[in-house]
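As provided, structure31.cif (mmCIF, N, CA and C atoms) reads as follows.
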data_my_file
loop_
_atom_site.label_atom_id
_atom_site.label_comp_id
_atom_site.auth_asym_id
_atom_site.auth_seq_id
_atom_site.Cartn_x
_atom_site.Cartn_y
_atom_site.Cartn_z
N MET A 1 0.84 -1.18 0.00
CA MET A 1 0.00 0.00 0.00
C MET A 1 0.89 1.24 0.00
N LYS A 2 0.57 2.17 -0.86
CA LYS A 2 1.31 3.42 -0.99
C LYS A 2 0.98 4.34 0.18
N LYS A 3 2.02 4.91 0.78
CA LYS A 3 1.79 5.86 1.87
C LYS A 3 1.26 7.17 1.30
N ILE A 4 0.21 7.68 1.91
CA ILE A 4 -0.41 8.92 1.46
C ILE A 4 0.18 10.10 2.23
N ASN A 5 0.54 11.12 1.51
CA ASN A 5 1.05 12.35 2.09
C ASN A 5 -0.10 13.09 2.77
N LYS A 6 -0.03 13.28 4.09
CA LYS A 6 -1.11 13.92 4.84
C LYS A 6 -1.20 15.42 4.58
N ASN A 7 -0.15 16.01 4.05
CA ASN A 7 -0.14 17.42 3.70
C ASN A 7 0.26 17.58 2.23
N PRO A 8 -0.59 17.10 1.33
CA PRO A 8 -0.22 17.12 -0.08
C PRO A 8 -0.17 18.53 -0.64
N LYS A 9 0.72 18.71 -1.58
CA LYS A 9 0.80 19.98 -2.30
C LYS A 9 -0.26 19.95 -3.40
N VAL A 10 -1.03 21.02 -3.47
CA VAL A 10 -2.10 21.12 -4.45
C VAL A 10 -1.70 22.17 -5.49
N GLN A 11 -1.87 21.85 -6.75
CA GLN A 11 -1.68 22.85 -7.79
C GLN A 11 -3.02 23.07 -8.48
N ILE A 12 -3.40 24.34 -8.51
CA ILE A 12 -4.64 24.76 -9.15
C ILE A 12 -4.29 25.23 -10.56
N LEU A 13 -4.99 24.71 -11.55
CA LEU A 13 -4.74 25.05 -12.94
C LEU A 13 -5.91 25.90 -13.43
N LEU A 14 -5.62 27.18 -13.70
CA LEU A 14 -6.65 28.15 -14.05
C LEU A 14 -6.48 28.61 -15.49
N ALA A 15 -7.50 28.36 -16.32
CA ALA A 15 -7.52 28.82 -17.70
C ALA A 15 -8.35 30.10 -17.76
N THR A 16 -7.78 31.15 -18.38
CA THR A 16 -8.51 32.42 -18.47
C THR A 16 -8.66 32.90 -19.90
N TYR A 17 -9.71 33.68 -20.09
CA TYR A 17 -9.92 34.40 -21.35
C TYR A 17 -10.96 35.50 -21.09
N ASN A 18 -10.55 36.75 -21.25
CA ASN A 18 -11.43 37.90 -21.04
C ASN A 18 -12.25 37.78 -19.75
N GLY A 19 -11.56 37.52 -18.66
CA GLY A 19 -12.23 37.28 -17.39
C GLY A 19 -12.14 38.40 -16.38
N GLU A 20 -11.85 39.61 -16.83
CA GLU A 20 -11.61 40.71 -15.89
C GLU A 20 -12.78 40.93 -14.92
N ASN A 21 -14.00 40.63 -15.32
CA ASN A 21 -15.16 40.85 -14.45
C ASN A 21 -15.25 39.85 -13.31
N PHE A 22 -14.53 38.74 -13.40
CA PHE A 22 -14.66 37.67 -12.41
C PHE A 22 -13.39 37.43 -11.61
N LEU A 23 -12.24 37.78 -12.18
CA LEU A 23 -10.96 37.30 -11.66
C LEU A 23 -10.64 37.71 -10.23
N ARG A 24 -10.86 38.95 -9.87
CA ARG A 24 -10.48 39.39 -8.52
C ARG A 24 -11.22 38.60 -7.45
N GLU A 25 -12.53 38.49 -7.61
CA GLU A 25 -13.31 37.75 -6.61
C GLU A 25 -12.90 36.28 -6.58
N GLN A 26 -12.65 35.73 -7.75
CA GLN A 26 -12.26 34.33 -7.82
C GLN A 26 -10.90 34.09 -7.21
N LEU A 27 -9.90 34.90 -7.58
CA LEU A 27 -8.56 34.73 -7.03
C LEU A 27 -8.55 34.98 -5.53
N ASP A 28 -9.32 35.96 -5.06
CA ASP A 28 -9.41 36.20 -3.62
C ASP A 28 -10.01 34.99 -2.90
N SER A 29 -10.98 34.33 -3.51
CA SER A 29 -11.58 33.15 -2.88
C SER A 29 -10.56 32.01 -2.77
N ILE A 30 -9.66 31.93 -3.72
CA ILE A 30 -8.60 30.91 -3.66
C ILE A 30 -7.56 31.30 -2.61
N LEU A 31 -7.19 32.57 -2.59
CA LEU A 31 -6.21 33.03 -1.60
C LEU A 31 -6.70 32.85 -0.17
N ASN A 32 -8.00 32.84 0.04
CA ASN A 32 -8.57 32.71 1.37
C ASN A 32 -8.89 31.27 1.78
N GLN A 33 -8.32 30.31 1.09
CA GLN A 33 -8.56 28.90 1.43
C GLN A 33 -8.01 28.58 2.82
N GLU A 34 -8.74 27.73 3.56
CA GLU A 34 -8.27 27.26 4.87
C GLU A 34 -7.01 26.41 4.72
N TYR A 35 -6.98 25.58 3.69
CA TYR A 35 -5.80 24.75 3.41
C TYR A 35 -4.81 25.62 2.65
N LYS A 36 -3.59 25.70 3.14
CA LYS A 36 -2.63 26.68 2.63
C LYS A 36 -1.53 26.12 1.72
N LEU A 37 -1.40 24.82 1.59
CA LEU A 37 -0.29 24.25 0.81
C LEU A 37 -0.72 24.08 -0.65
N TRP A 38 -0.82 25.19 -1.35
CA TRP A 38 -1.25 25.19 -2.74
C TRP A 38 -0.51 26.28 -3.50
N GLU A 39 -0.57 26.14 -4.83
CA GLU A 39 -0.11 27.19 -5.74
C GLU A 39 -1.02 27.15 -6.94
N ILE A 40 -1.04 28.24 -7.67
CA ILE A 40 -1.91 28.32 -8.84
C ILE A 40 -1.07 28.62 -10.08
N LEU A 41 -1.33 27.87 -11.14
CA LEU A 41 -0.70 28.09 -12.43
C LEU A 41 -1.79 28.57 -13.39
N ILE A 42 -1.54 29.72 -14.03
CA ILE A 42 -2.55 30.35 -14.87
C ILE A 42 -2.02 30.51 -16.28
N HIS A 43 -2.86 30.18 -17.25
CA HIS A 43 -2.53 30.47 -18.65
C HIS A 43 -3.71 31.20 -19.27
N ASP A 44 -3.41 32.34 -19.88
CA ASP A 44 -4.43 33.12 -20.56
C ASP A 44 -4.45 32.76 -22.04
N ASP A 45 -5.65 32.73 -22.60
CA ASP A 45 -5.83 32.29 -23.99
C ASP A 45 -6.06 33.47 -24.93
N GLY A 46 -5.27 34.54 -24.76
CA GLY A 46 -5.33 35.66 -25.69
C GLY A 46 -6.34 36.72 -25.35
N SER A 47 -6.54 36.99 -24.08
CA SER A 47 -7.51 38.02 -23.66
C SER A 47 -7.17 39.38 -24.24
N ASN A 48 -8.23 40.15 -24.52
CA ASN A 48 -8.03 41.52 -24.99
C ASN A 48 -8.69 42.54 -24.06
N ASP A 49 -8.97 42.13 -22.83
CA ASP A 49 -9.46 43.04 -21.80
C ASP A 49 -8.35 43.21 -20.76
N ASN A 50 -8.67 43.49 -19.53
CA ASN A 50 -7.66 43.71 -18.49
C ASN A 50 -7.26 42.44 -17.73
N THR A 51 -7.61 41.29 -18.26
CA THR A 51 -7.29 40.02 -17.59
C THR A 51 -5.80 39.90 -17.27
N ILE A 52 -4.95 40.13 -18.25
CA ILE A 52 -3.50 39.96 -18.05
C ILE A 52 -3.00 40.93 -16.98
N SER A 53 -3.45 42.17 -16.98
CA SER A 53 -3.02 43.14 -15.96
C SER A 53 -3.40 42.67 -14.56
N ILE A 54 -4.59 42.13 -14.42
CA ILE A 54 -5.04 41.62 -13.12
C ILE A 54 -4.18 40.44 -12.71
N LEU A 55 -3.91 39.53 -13.63
CA LEU A 55 -3.10 38.35 -13.32
C LEU A 55 -1.68 38.75 -12.92
N ILE A 56 -1.10 39.69 -13.61
CA ILE A 56 0.25 40.16 -13.27
C ILE A 56 0.26 40.81 -11.89
N GLU A 57 -0.78 41.57 -11.60
CA GLU A 57 -0.90 42.19 -10.27
C GLU A 57 -0.90 41.12 -9.17
N TYR A 58 -1.70 40.09 -9.34
CA TYR A 58 -1.76 39.01 -8.34
C TYR A 58 -0.44 38.25 -8.27
N GLN A 59 0.17 38.01 -9.41
CA GLN A 59 1.46 37.32 -9.41
C GLN A 59 2.50 38.16 -8.66
N ASN A 60 2.50 39.46 -8.87
CA ASN A 60 3.44 40.34 -8.16
C ASN A 60 3.15 40.41 -6.67
N ASN A 61 1.88 40.42 -6.30
CA ASN A 61 1.50 40.51 -4.88
C ASN A 61 1.64 39.19 -4.14
N TYR A 62 1.56 38.07 -4.85
CA TYR A 62 1.62 36.74 -4.23
C TYR A 62 2.57 35.85 -5.03
N PRO A 63 3.85 36.19 -5.10
CA PRO A 63 4.78 35.46 -5.97
C PRO A 63 5.00 33.99 -5.59
N LYS A 64 4.75 33.62 -4.36
CA LYS A 64 4.92 32.22 -3.96
C LYS A 64 3.66 31.39 -4.21
N LYS A 65 2.57 32.06 -4.53
CA LYS A 65 1.29 31.36 -4.73
C LYS A 65 0.80 31.40 -6.17
N VAL A 66 1.03 32.51 -6.87
CA VAL A 66 0.45 32.71 -8.19
C VAL A 66 1.55 32.76 -9.24
N LYS A 67 1.43 31.87 -10.23
CA LYS A 67 2.39 31.83 -11.33
C LYS A 67 1.63 31.92 -12.65
N LEU A 68 2.03 32.88 -13.45
CA LEU A 68 1.42 33.08 -14.75
C LEU A 68 2.32 32.45 -15.81
N LEU A 69 1.77 31.53 -16.58
CA LEU A 69 2.51 30.88 -17.67
C LEU A 69 2.38 31.76 -18.91
N ILE A 70 3.44 32.47 -19.22
CA ILE A 70 3.43 33.39 -20.37
C ILE A 70 4.29 32.79 -21.47
N ASP A 71 3.63 32.31 -22.51
CA ASP A 71 4.36 31.68 -23.61
C ASP A 71 3.80 32.08 -24.97
N GLN A 72 2.90 33.06 -24.97
CA GLN A 72 2.33 33.60 -26.21
C GLN A 72 1.47 32.59 -26.98
N LYS A 73 1.15 31.45 -26.38
CA LYS A 73 0.32 30.47 -27.08
C LYS A 73 -1.15 30.84 -26.92
N VAL A 74 -1.88 30.78 -28.01
CA VAL A 74 -3.31 31.07 -28.02
C VAL A 74 -4.01 29.89 -28.68
N PHE A 75 -5.00 29.34 -28.00
CA PHE A 75 -5.69 28.15 -28.48
C PHE A 75 -7.12 28.44 -28.95
N LEU A 76 -7.71 29.51 -28.41
CA LEU A 76 -9.11 29.83 -28.68
C LEU A 76 -10.02 28.65 -28.34
N SER A 77 -9.64 27.96 -27.27
CA SER A 77 -10.37 26.78 -26.82
C SER A 77 -10.07 26.55 -25.35
N ALA A 78 -11.12 26.53 -24.53
CA ALA A 78 -10.93 26.30 -23.09
C ALA A 78 -10.29 24.93 -22.86
N SER A 79 -10.76 23.91 -23.55
CA SER A 79 -10.22 22.56 -23.32
C SER A 79 -8.74 22.48 -23.70
N LYS A 80 -8.36 23.09 -24.82
CA LYS A 80 -6.95 23.08 -25.21
C LYS A 80 -6.11 23.88 -24.23
N ASN A 81 -6.67 24.95 -23.70
CA ASN A 81 -5.97 25.75 -22.70
C ASN A 81 -5.73 24.91 -21.44
N PHE A 82 -6.75 24.17 -21.01
CA PHE A 82 -6.58 23.30 -19.83
C PHE A 82 -5.55 22.20 -20.10
N PHE A 83 -5.59 21.59 -21.28
CA PHE A 83 -4.60 20.56 -21.59
C PHE A 83 -3.19 21.14 -21.60
N HIS A 84 -3.04 22.37 -22.05
CA HIS A 84 -1.74 23.05 -22.02
C HIS A 84 -1.28 23.24 -20.57
N LEU A 85 -2.20 23.62 -19.71
CA LEU A 85 -1.85 23.75 -18.28
C LEU A 85 -1.45 22.40 -17.69
N ILE A 86 -2.17 21.36 -18.04
CA ILE A 86 -1.84 20.02 -17.53
C ILE A 86 -0.44 19.62 -18.00
N GLU A 87 -0.12 19.90 -19.24
CA GLU A 87 1.21 19.58 -19.76
C GLU A 87 2.31 20.34 -19.03
N ASN A 88 2.01 21.52 -18.51
CA ASN A 88 3.00 22.37 -17.85
C ASN A 88 2.87 22.37 -16.33
N ARG A 89 2.10 21.46 -15.80
CA ARG A 89 1.89 21.41 -14.35
C ARG A 89 3.17 21.07 -13.62
N SER A 90 3.18 21.34 -12.33
CA SER A 90 4.30 20.98 -11.48
C SER A 90 4.25 19.49 -11.20
N LYS A 91 5.34 18.82 -11.41
CA LYS A 91 5.39 17.38 -11.13
C LYS A 91 5.55 17.13 -9.62
N GLU A 92 5.78 18.20 -8.84
CA GLU A 92 5.94 18.07 -7.40
C GLU A 92 4.60 18.06 -6.66
N ALA A 93 3.54 18.47 -7.33
CA ALA A 93 2.22 18.50 -6.68
C ALA A 93 1.67 17.09 -6.56
N ASN A 94 0.84 16.90 -5.53
CA ASN A 94 0.18 15.62 -5.31
C ASN A 94 -1.24 15.61 -5.86
N LEU A 95 -1.87 16.78 -5.82
CA LEU A 95 -3.26 16.93 -6.27
C LEU A 95 -3.35 18.10 -7.23
N TYR A 96 -4.26 17.98 -8.20
CA TYR A 96 -4.46 19.04 -9.17
C TYR A 96 -5.95 19.39 -9.22
N CYS A 97 -6.23 20.68 -9.29
CA CYS A 97 -7.60 21.16 -9.40
C CYS A 97 -7.71 22.01 -10.66
N LEU A 98 -8.68 21.70 -11.50
CA LEU A 98 -8.96 22.54 -12.65
C LEU A 98 -9.95 23.62 -12.21
N CYS A 99 -9.71 24.84 -12.68
CA CYS A 99 -10.49 25.96 -12.20
C CYS A 99 -10.86 26.89 -13.35
N ASP A 100 -12.15 27.16 -13.50
CA ASP A 100 -12.61 28.16 -14.47
C ASP A 100 -12.46 29.55 -13.87
N GLN A 101 -12.34 30.54 -14.72
CA GLN A 101 -12.07 31.90 -14.26
C GLN A 101 -13.23 32.54 -13.51
N ASP A 102 -14.41 31.99 -13.59
CA ASP A 102 -15.54 32.59 -12.89
C ASP A 102 -16.00 31.77 -11.68
N ASP A 103 -15.18 30.81 -11.25
CA ASP A 103 -15.50 30.03 -10.06
C ASP A 103 -15.23 30.87 -8.81
N ILE A 104 -16.10 30.76 -7.83
CA ILE A 104 -15.86 31.33 -6.51
C ILE A 104 -15.79 30.13 -5.56
N TRP A 105 -14.66 29.99 -4.90
CA TRP A 105 -14.44 28.81 -4.07
C TRP A 105 -14.82 29.06 -2.63
N HIS A 106 -15.55 28.10 -2.07
CA HIS A 106 -15.83 28.11 -0.63
C HIS A 106 -14.50 27.97 0.10
N LYS A 107 -14.34 28.63 1.22
CA LYS A 107 -13.05 28.67 1.91
C LYS A 107 -12.53 27.30 2.34
N SER A 108 -13.41 26.31 2.43
CA SER A 108 -12.96 24.98 2.86
C SER A 108 -12.87 23.99 1.69
N LYS A 109 -12.96 24.47 0.47
CA LYS A 109 -12.94 23.57 -0.69
C LYS A 109 -11.68 22.70 -0.72
N LEU A 110 -10.51 23.31 -0.66
CA LEU A 110 -9.28 22.52 -0.71
C LEU A 110 -9.12 21.64 0.53
N LYS A 111 -9.54 22.14 1.66
CA LYS A 111 -9.48 21.34 2.90
C LYS A 111 -10.32 20.07 2.73
N PHE A 112 -11.50 20.20 2.16
CA PHE A 112 -12.36 19.04 1.90
C PHE A 112 -11.68 18.06 0.94
N PHE A 113 -11.08 18.57 -0.15
CA PHE A 113 -10.40 17.70 -1.10
C PHE A 113 -9.26 16.94 -0.43
N VAL A 114 -8.48 17.63 0.38
CA VAL A 114 -7.33 17.00 1.04
C VAL A 114 -7.82 15.96 2.05
N GLU A 115 -8.87 16.25 2.77
CA GLU A 115 -9.42 15.26 3.72
C GLU A 115 -9.89 14.02 2.98
N ARG A 116 -10.54 14.21 1.85
CA ARG A 116 -11.00 13.06 1.05
C ARG A 116 -9.81 12.26 0.52
N TYR A 117 -8.80 12.96 0.06
CA TYR A 117 -7.58 12.33 -0.42
C TYR A 117 -6.92 11.53 0.70
N ASN A 118 -6.83 12.11 1.88
CA ASN A 118 -6.19 11.44 3.00
C ASN A 118 -6.99 10.26 3.53
N SER A 119 -8.29 10.21 3.27
CA SER A 119 -9.10 9.09 3.74
C SER A 119 -8.99 7.88 2.83
N LYS A 120 -8.38 8.07 1.68
CA LYS A 120 -8.24 6.99 0.70
C LYS A 120 -7.22 5.95 1.19
N LYS A 121 -7.57 4.70 1.08
CA LYS A 121 -6.72 3.63 1.59
C LYS A 121 -5.83 2.99 0.53
N ASP A 122 -6.22 3.04 -0.72
CA ASP A 122 -5.42 2.39 -1.75
C ASP A 122 -4.83 3.42 -2.70
N LYS A 123 -4.10 2.97 -3.70
CA LYS A 123 -3.39 3.88 -4.58
C LYS A 123 -4.03 4.07 -5.95
N GLU A 124 -5.30 3.68 -6.09
CA GLU A 124 -5.99 3.93 -7.35
C GLU A 124 -6.28 5.42 -7.49
N PRO A 125 -6.39 5.89 -8.72
CA PRO A 125 -6.68 7.32 -8.92
C PRO A 125 -7.98 7.75 -8.25
N LEU A 126 -7.99 8.99 -7.83
CA LEU A 126 -9.15 9.56 -7.14
C LEU A 126 -9.60 10.81 -7.88
N LEU A 127 -10.87 10.88 -8.18
CA LEU A 127 -11.44 12.06 -8.82
C LEU A 127 -12.51 12.62 -7.88
N ILE A 128 -12.35 13.89 -7.55
CA ILE A 128 -13.31 14.54 -6.63
C ILE A 128 -14.00 15.65 -7.39
#

Could you show the structure in this file as structure tokens?
Amino acid sequence: MKKINKNPKVQILLATYNGENFLREQLDSILNQEYKLWEILIHDDGSNDNTISILIEYQNNYPKKVKLLIDQKVFLSASKNFFHLIENRSKEANLYCLCDQDDIWHKSKLKFFVERYNSKKDKEPLLI
């Protein structure tokens, strides 16, 4: 039986596109999580509003938590953007969460995921 890490590192994968109306509230809801061992990787899909400015602001204010993947790639597809994030994810993370730009997270969302992960007895994949 594989030993489960009781304090797993979580990486949140956030795909954005013209999300300036939602991003601040959404990013603040992630920053206010009860579970603190997380980081967020964000890739923008060619926004032409203030999305990038907001993302850079958060990256500058929270450099250990928020990382913006800037590679000039534009997919014009949410699914392709998410797959790009998955390809560029941190291999050090134990858990991954996909996040849309207009999600508002309950403060105990990650805590709940980690508790569910820690309650697992075997090493088969877990989807929450």

Restricting the calculation to only N, CA and C atoms, which member of A:Ala15, A:Leu41, A:Lys111, A:Asp103 is positioned closest to A:Ala78?
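Among A:Ala15, A:Leu41, A:Lys111, A:Asp103, it is A:Ala15 that comes nearest to A:Ala78.
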
If you run DSSP on the backbone, which residues of stretch 2-126 of chain A are strand (DSSP E), as a VMD selection string?
chain A and resid 10 to 16 38 to 44 66 to 68 95 to 100

Dump N, CA and C atoms for the selected residues as an mmCIF file, in the coordinates of the input?
data_model
loop_
_atom_site.group_PDB
_atom_site.id
_atom_site.type_symbol
_atom_site.label_atom_id
_atom_site.label_comp_id
_atom_site.auth_asym_id
_atom_site.auth_seq_id
_atom_site.Cartn_x
_atom_site.Cartn_y
_atom_site.Cartn_z
ATOM 1 N N VAL A 10 -1.030 21.020 -3.470
ATOM 2 C CA VAL A 10 -2.100 21.120 -4.450
ATOM 3 C C VAL A 10 -1.700 22.170 -5.490
ATOM 4 N N GLN A 11 -1.870 21.850 -6.750
ATOM 5 C CA GLN A 11 -1.680 22.850 -7.790
ATOM 6 C C GLN A 11 -3.020 23.070 -8.480
ATOM 7 N N ILE A 12 -3.400 24.340 -8.510
ATOM 8 C CA ILE A 12 -4.640 24.760 -9.150
ATOM 9 C C ILE A 12 -4.290 25.230 -10.560
ATOM 10 N N LEU A 13 -4.990 24.710 -11.550
ATOM 11 C CA LEU A 13 -4.740 25.050 -12.940
ATOM 12 C C LEU A 13 -5.910 25.900 -13.430
ATOM 13 N N LEU A 14 -5.620 27.180 -13.700
ATOM 14 C CA LEU A 14 -6.650 28.150 -14.050
ATOM 15 C C LEU A 14 -6.480 28.610 -15.490
ATOM 16 N N ALA A 15 -7.500 28.360 -16.320
ATOM 17 C CA ALA A 15 -7.520 28.820 -17.700
ATOM 18 C C ALA A 15 -8.350 30.100 -17.760
ATOM 19 N N THR A 16 -7.780 31.150 -18.380
ATOM 20 C CA THR A 16 -8.510 32.420 -18.470
ATOM 21 C C THR A 16 -8.660 32.900 -19.900
ATOM 22 N N TRP A 38 -0.820 25.190 -1.350
ATOM 23 C CA TRP A 38 -1.250 25.190 -2.740
ATOM 24 C C TRP A 38 -0.510 26.280 -3.500
ATOM 25 N N GLU A 39 -0.570 26.140 -4.830
ATOM 26 C CA GLU A 39 -0.110 27.190 -5.740
ATOM 27 C C GLU A 39 -1.020 27.150 -6.940
ATOM 28 N N ILE A 40 -1.040 28.240 -7.670
ATOM 29 C CA ILE A 40 -1.910 28.320 -8.840
ATOM 30 C C ILE A 40 -1.070 28.620 -10.080
ATOM 31 N N LEU A 41 -1.330 27.870 -11.140
ATOM 32 C CA LEU A 41 -0.700 28.090 -12.430
ATOM 33 C C LEU A 41 -1.790 28.570 -13.390
ATOM 34 N N ILE A 42 -1.540 29.720 -14.030
ATOM 35 C CA ILE A 42 -2.550 30.350 -14.870
ATOM 36 C C ILE A 42 -2.020 30.510 -16.280
ATOM 37 N N HIS A 43 -2.860 30.180 -17.250
ATOM 38 C CA HIS A 43 -2.530 30.470 -18.650
ATOM 39 C C HIS A 43 -3.710 31.200 -19.270
ATOM 40 N N ASP A 44 -3.410 32.340 -19.880
ATOM 41 C CA ASP A 44 -4.430 33.120 -20.560
ATOM 42 C C ASP A 44 -4.450 32.760 -22.040
ATOM 43 N N VAL A 66 1.030 32.510 -6.870
ATOM 44 C CA VAL A 66 0.450 32.710 -8.190
ATOM 45 C C VAL A 66 1.550 32.760 -9.240
ATOM 46 N N LYS A 67 1.430 31.870 -10.230
ATOM 47 C CA LYS A 67 2.390 31.830 -11.330
ATOM 48 C C LYS A 67 1.630 31.920 -12.650
ATOM 49 N N LEU A 68 2.030 32.880 -13.450
ATOM 50 C CA LEU A 68 1.420 33.080 -14.750
ATOM 51 C C LEU A 68 2.320 32.450 -15.810
ATOM 52 N N LEU A 95 -1.870 16.780 -5.820
ATOM 53 C CA LEU A 95 -3.260 16.930 -6.270
ATOM 54 C C LEU A 95 -3.350 18.100 -7.230
ATOM 55 N N TYR A 96 -4.260 17.980 -8.200
ATOM 56 C CA TYR A 96 -4.460 19.040 -9.170
ATOM 57 C C TYR A 96 -5.950 19.390 -9.220
ATOM 58 N N CYS A 97 -6.230 20.680 -9.290
ATOM 59 C CA CYS A 97 -7.600 21.160 -9.400
ATOM 60 C C CYS A 97 -7.710 22.010 -10.660
ATOM 61 N N LEU A 98 -8.680 21.700 -11.500
ATOM 62 C CA LEU A 98 -8.960 22.540 -12.650
ATOM 63 C C LEU A 98 -9.950 23.620 -12.210
ATOM 64 N N CYS A 99 -9.710 24.840 -12.680
ATOM 65 C CA CYS A 99 -10.490 25.960 -12.200
ATOM 66 C C CYS A 99 -10.860 26.890 -13.350
ATOM 67 N N ASP A 100 -12.150 27.160 -13.500
ATOM 68 C CA ASP A 100 -12.610 28.160 -14.470
ATOM 69 C C ASP A 100 -12.460 29.550 -13.870
#

As a list in words, please: the residues near stretch 61-76 of chain A (cut-off 7 Å, all atoms listed in the file, same-chain neighbours under 6 positions excluded).
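Result of the neighbour search: Trp38, Glu39, Ile40, Leu41, Ile42, His43, Asp44, Asp45, Gly46 and Leu55 of chain A.
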
What does the distance between atom N of A:Glu25 and atom CA of A:Thr51 come to in Å, to one decimal place?
11.4 Å

Identify the residues within 10 Å of coordinate (-2.9, 18.6, -6.1) (same frame as the file), considering only C-alpha atoms, and give the answer as a PyMOL selection string.
chain A and resi 8-13+37-39+89-98+110+113-114+117

Atomic distance atom N of A:Ile104 - atom N of A:Asn32, expressed in Å with one decimal:
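We find that atom N of A:Ile104 and atom N of A:Asn32 lie 11.5 Å from each other.
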
Which residues fall under the PyMOL selection byres ((chain A and resi 30) around 8) in this file, as a PDB file with N, CA and C atoms, keeping the file's coordinate frame?
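What landed in selection_5.pdb:
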ATOM      1  N   ARG A  24     -10.860  38.950  -9.870  1.00  0.00           N
ATOM      2  CA  ARG A  24     -10.480  39.390  -8.520  1.00  0.00           C
ATOM      3  C   ARG A  24     -11.220  38.600  -7.450  1.00  0.00           C
ATOM      4  N   GLU A  25     -12.530  38.490  -7.610  1.00  0.00           N
ATOM      5  CA  GLU A  25     -13.310  37.750  -6.610  1.00  0.00           C
ATOM      6  C   GLU A  25     -12.900  36.280  -6.580  1.00  0.00           C
ATOM      7  N   GLN A  26     -12.650  35.730  -7.750  1.00  0.00           N
ATOM      8  CA  GLN A  26     -12.260  34.330  -7.820  1.00  0.00           C
ATOM      9  C   GLN A  26     -10.900  34.090  -7.210  1.00  0.00           C
ATOM     10  N   LEU A  27      -9.900  34.900  -7.580  1.00  0.00           N
ATOM     11  CA  LEU A  27      -8.560  34.730  -7.030  1.00  0.00           C
ATOM     12  C   LEU A  27      -8.550  34.980  -5.530  1.00  0.00           C
ATOM     13  N   ASP A  28      -9.320  35.960  -5.060  1.00  0.00           N
ATOM     14  CA  ASP A  28      -9.410  36.200  -3.620  1.00  0.00           C
ATOM     15  C   ASP A  28     -10.010  34.990  -2.900  1.00  0.00           C
ATOM     16  N   SER A  29     -10.980  34.330  -3.510  1.00  0.00           N
ATOM     17  CA  SER A  29     -11.580  33.150  -2.880  1.00  0.00           C
ATOM     18  C   SER A  29     -10.560  32.010  -2.770  1.00  0.00           C
ATOM     19  N   LEU A  31      -7.190  32.570  -2.590  1.00  0.00           N
ATOM     20  CA  LEU A  31      -6.210  33.030  -1.600  1.00  0.00           C
ATOM     21  C   LEU A  31      -6.700  32.850  -0.170  1.00  0.00           C
ATOM     22  N   ASN A  32      -8.000  32.840   0.040  1.00  0.00           N
ATOM     23  CA  ASN A  32      -8.570  32.710   1.370  1.00  0.00           C
ATOM     24  C   ASN A  32      -8.890  31.270   1.780  1.00  0.00           C
ATOM     25  N   GLN A  33      -8.320  30.310   1.090  1.00  0.00           N
ATOM     26  CA  GLN A  33      -8.560  28.900   1.430  1.00  0.00           C
ATOM     27  C   GLN A  33      -8.010  28.580   2.820  1.00  0.00           C
ATOM     28  N   GLU A  34      -8.740  27.730   3.560  1.00  0.00           N
ATOM     29  CA  GLU A  34      -8.270  27.260   4.870  1.00  0.00           C
ATOM     30  C   GLU A  34      -7.010  26.410   4.720  1.00  0.00           C
ATOM     31  N   ASP A 103     -15.180  30.810 -11.250  1.00  0.00           N
ATOM     32  CA  ASP A 103     -15.500  30.030 -10.060  1.00  0.00           C
ATOM     33  C   ASP A 103     -15.230  30.870  -8.810  1.00  0.00           C
ATOM     34  N   ILE A 104     -16.100  30.760  -7.830  1.00  0.00           N
ATOM     35  CA  ILE A 104     -15.860  31.330  -6.510  1.00  0.00           C
ATOM     36  C   ILE A 104     -15.790  30.130  -5.560  1.00  0.00           C
ATOM     37  N   TRP A 105     -14.660  29.990  -4.900  1.00  0.00           N
ATOM     38  CA  TRP A 105     -14.440  28.810  -4.070  1.00  0.00           C
ATOM     39  C   TRP A 105     -14.820  29.060  -2.630  1.00  0.00           C
ATOM     40  N   HIS A 106     -15.550  28.100  -2.070  1.00  0.00           N
ATOM     41  CA  HIS A 106     -15.830  28.110  -0.630  1.00  0.00           C
ATOM     42  C   HIS A 106     -14.500  27.970   0.100  1.00  0.00           C
ATOM     43  N   LYS A 107     -14.340  28.630   1.220  1.00  0.00           N
ATOM     44  CA  LYS A 107     -13.050  28.670   1.910  1.00  0.00           C
ATOM     45  C   LYS A 107     -12.530  27.300   2.340  1.00  0.00           C
TER      46      LYS A 107
END

Per-residue DSSP, chain A, filtered to alpha helix (DSSP H), as a ChimeraX atom specification:
/A:23-31,51-61,78-87,109-119

Name all residues at most 7 Å from A:Asp102 (count all atoms listed in the file; drop same-chain ones fewer than 6 positions away) and give them as an MDAnalysis selection string.
chainID A and resid 19 22:23 26

Go ahead and write the selection's residues with N, CA and C atoms as a compact mmCIF listing (two decimals), in the frame of the given file.
# COMPACT_ATOMS: atom_id res chain seq x y z
N GLY A 19 -11.56 37.52 -18.66
CA GLY A 19 -12.23 37.28 -17.39
C GLY A 19 -12.14 38.40 -16.38
N PHE A 22 -14.53 38.74 -13.40
CA PHE A 22 -14.66 37.67 -12.41
C PHE A 22 -13.39 37.43 -11.61
N LEU A 23 -12.24 37.78 -12.18
CA LEU A 23 -10.96 37.30 -11.66
C LEU A 23 -10.64 37.71 -10.23
N GLN A 26 -12.65 35.73 -7.75
CA GLN A 26 -12.26 34.33 -7.82
C GLN A 26 -10.90 34.09 -7.21

Atomic distance atom N of A:Gln59 - atom C of A:Glu115, expressed in Å with one decimal:
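For atom N of A:Gln59 relative to atom C of A:Glu115, the distance reads 28.8 Å.
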